[in-house]
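The next block holds one structure in the form of structure tokens; read it before the comments.
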Amino acid sequence: MQTSQKHEISDGRQKFFDQPVQEVASFDWPPFQNIDHSLCSDDSSEGAHLSVETFDQYCNLESSSGTGGYPAVNSPSTASFSPQKSPGSRLNSQSCPSDLNHSPENTSQSPVNGSCVIDDENDLKHKIRELESAMLGPDSDNLEVYNNTSPSGDQILSESEKWNHVVEMLSRGDLKEVLCTCAKAIENNDMYTTECLMTGLRQMVSVSGEPVQRLGAYMLEGLVARLASTGSCIYKALRCKEPASAELFSYMHLLYEICPYFKFGYMSANGAIAEAMKDESRVHIIDFQIAQGTQWIILIIALASRPGGPPKVRITGIDDTTSAYARGGGLEIVGQRLSKLAEAYKVPFEFQAAAMSGSDVQLENLGVRPGEAIAVNFALMLHHMPDESVSTQNHRDRLLRLVKSLSPKVVTLVEQEANTNTAPFFNRFLETMNHYAAIFESVDVALPRDHKDRINVEQHCLAREIVNIIACEGPERVERHELLGKWRYRFLMAGFTPYTLSPVVNATIKSLLESYNDKYTLEERDGALFLGWKNQAIITSCAWS
């Protein structure tokens, strides 16, 4: 991707465009326009077709980050951002700072200068505090901000050329260029350039501005946290500061409604499972991140209308305890909800809870029984499993080998199409900017800038991932996405073979996208589906057996 005139990253991906989709009259799913929300169902109706409208009505957003928790960040009313100044204003090269040493205890409210320099020794510290207050609230003082000794007079003189370059860059007002240059300076341990650029960036980013300004605010926070080595602290603090579960769920559901990414994942996975299980009488679905269990509402209803009667369905739901917060309780809530639905639709049903992290799952936790046809669902989950670059245990590949040993009929994979796992820091920074810029743009066209919940959606559902990717390394970096090509290699090495998705799935998702902005794109390639924004792949779905 290209993020500025000077910095490029290439990960070998091909851009894709809308492809003609084979017209299929309908997807083999039942309608359920009259389902009672208290049951997620009511009297079963005749027919076996699923409309996009009914799917939208009964699916709720799961934990899109895959960890089951979302960052709680103060609302715009409590953020302490100053009114934005024009990033294109000319800067005075004579105002180079003479002292960049800052006290972590500083809470100065000195005015913000329009240039990239600091007017006093506490100004940069104050600006850093502003964004952390917006993300973590006023009690974020326990997070130490990095200290740096001030350069001597000789050092400043030797940096005059560098300073002029910084001034010129900031005067152009290209936020992406400044962010990338700042990240490069951090990689090169150039603290002089880093601090000057960070001060300028404070005037350019805004959690309530254009998509690139909003993304820039969180990427800048990630850079600050990386310097301070507080990325893990921020990540954990954001998890601990979630709003009331009802509010959190509403933000998750809003993101689910305004963007098709999660509906795409659920619909494509369900289509593959329904196709693989069409002749089976006993079905065991193992969901490695069940969250709210919403994905299975549609599948249970579909199986209820299957010719010859529904199969006996058993679902093993795996989820760590962090997801319980958004649910408002443990996995028993999911089991009760799905059991009530299955009873209403006369589908024999059993639910088995496995409250644990995916990395802790062993064969005995799955409760496999002879005679059951097994389907395994990995929806936005595997990228959180540490691989060989993090731990010799390599849970990412271990889980795939474990699942293969079950001889499943089908295994579904839904993942973000991004390369943030083993990429070096600067390349990872560029990849994060490229990937999340598309997501922020897609949110921007769906919700007005002044929508009261838009900032909450972005902060609660996206900000923590961004900070973690940029600020953390080793086991502390848990957001480790891989491109489909790498996932394909892992599945093949574990002994899987591709399971071709039905053309009906493609057509159904194409129909889904008609109700969204026309900048969303869908491509079928190499047996997988790619959902994108402006021809940039955002999320992929495929199946294996």
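Quick note on naming: the chains in the structure tokens go A, B, ... in the order shown, residues restart at 1 in each chain, and ligands are numbered from 1 in order of appearance.
Neighbours of range 360-370 of chain A closer than or equal to 9 Å, with only C-alpha atoms counted and sequence neighbours fewer than 4 positions away skipped, come out as His284, Ile286, Thr316, Ile318, Gln352, Ala354, Met356, Ile374, His395, Leu399, Leu402, Val403 and Leu406 of chain A.
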Excluding range 409-412 of chain A and any residue of its chain fewer than 3 positions from it, enumerate the residues within 6 Å of it, using only C-alpha atoms, and give them as a count of residues only. 9
Find the residues near range 273-275 of chain A: any atom within 12 Å, counting only C-alpha atoms, skip ones fewer than 4 places away on the same chain, and give them as a PyMOL selection string. chain A and resi 27-29+266-269+279-280+283-287+295-296+298-306+310-311+313+373-377+408-413+499-505+542-545
Among range 309-543 of chain A, which residues carry a DSSP assignment of strand (DSSP E), reported as an MDAnalysis selection string? chainID A and resid 312:318 349:354 373:379 410:416 498:499 520:525 528:533 536:543
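Shortest atom-to-atom contact with Pro307 in chain A among A:Gln203, A:Thr521, A:Asn434, A:Ser281: A:Ser281, counting only C-alpha atoms.
With only C-alpha atoms as the atoms that count, the minimum distance from Phe425 in chain A to the choices A:Leu341, A:Gly335, A:Pro260, A:Asn188 is reached by A:Asn188.
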Hey, can you check how far CA of Asp526 in chain A sits from CA of Ile509 in chain A? 17.3 Å
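Interatomic distance, CA of Asn394 in chain A to CA of Ala494 in chain A: 12.8 Å.
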Using only C-alpha atoms, determine which residues lie at most 9 Å from Cys259 in chain A, disregarding the query and same-chain residues fewer than 4 positions distant; provide the list as a PyMOL selection string. chain A and resi 254-255+263+439+442-443+446+516
I want to know what sits within 12 Å of Pro386 in chain A, based on only C-alpha atoms, with residues of the same chain fewer than 4 positions away left out; could you give that as a PyMOL selection string? chain A and resi 357-360+381-382+390-399+421-422+473-482
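Nearest to Gly532 in chain A of all the residues A:His460, A:Arg282, A:His165, A:His435 is A:His435, based on only C-alpha atoms.
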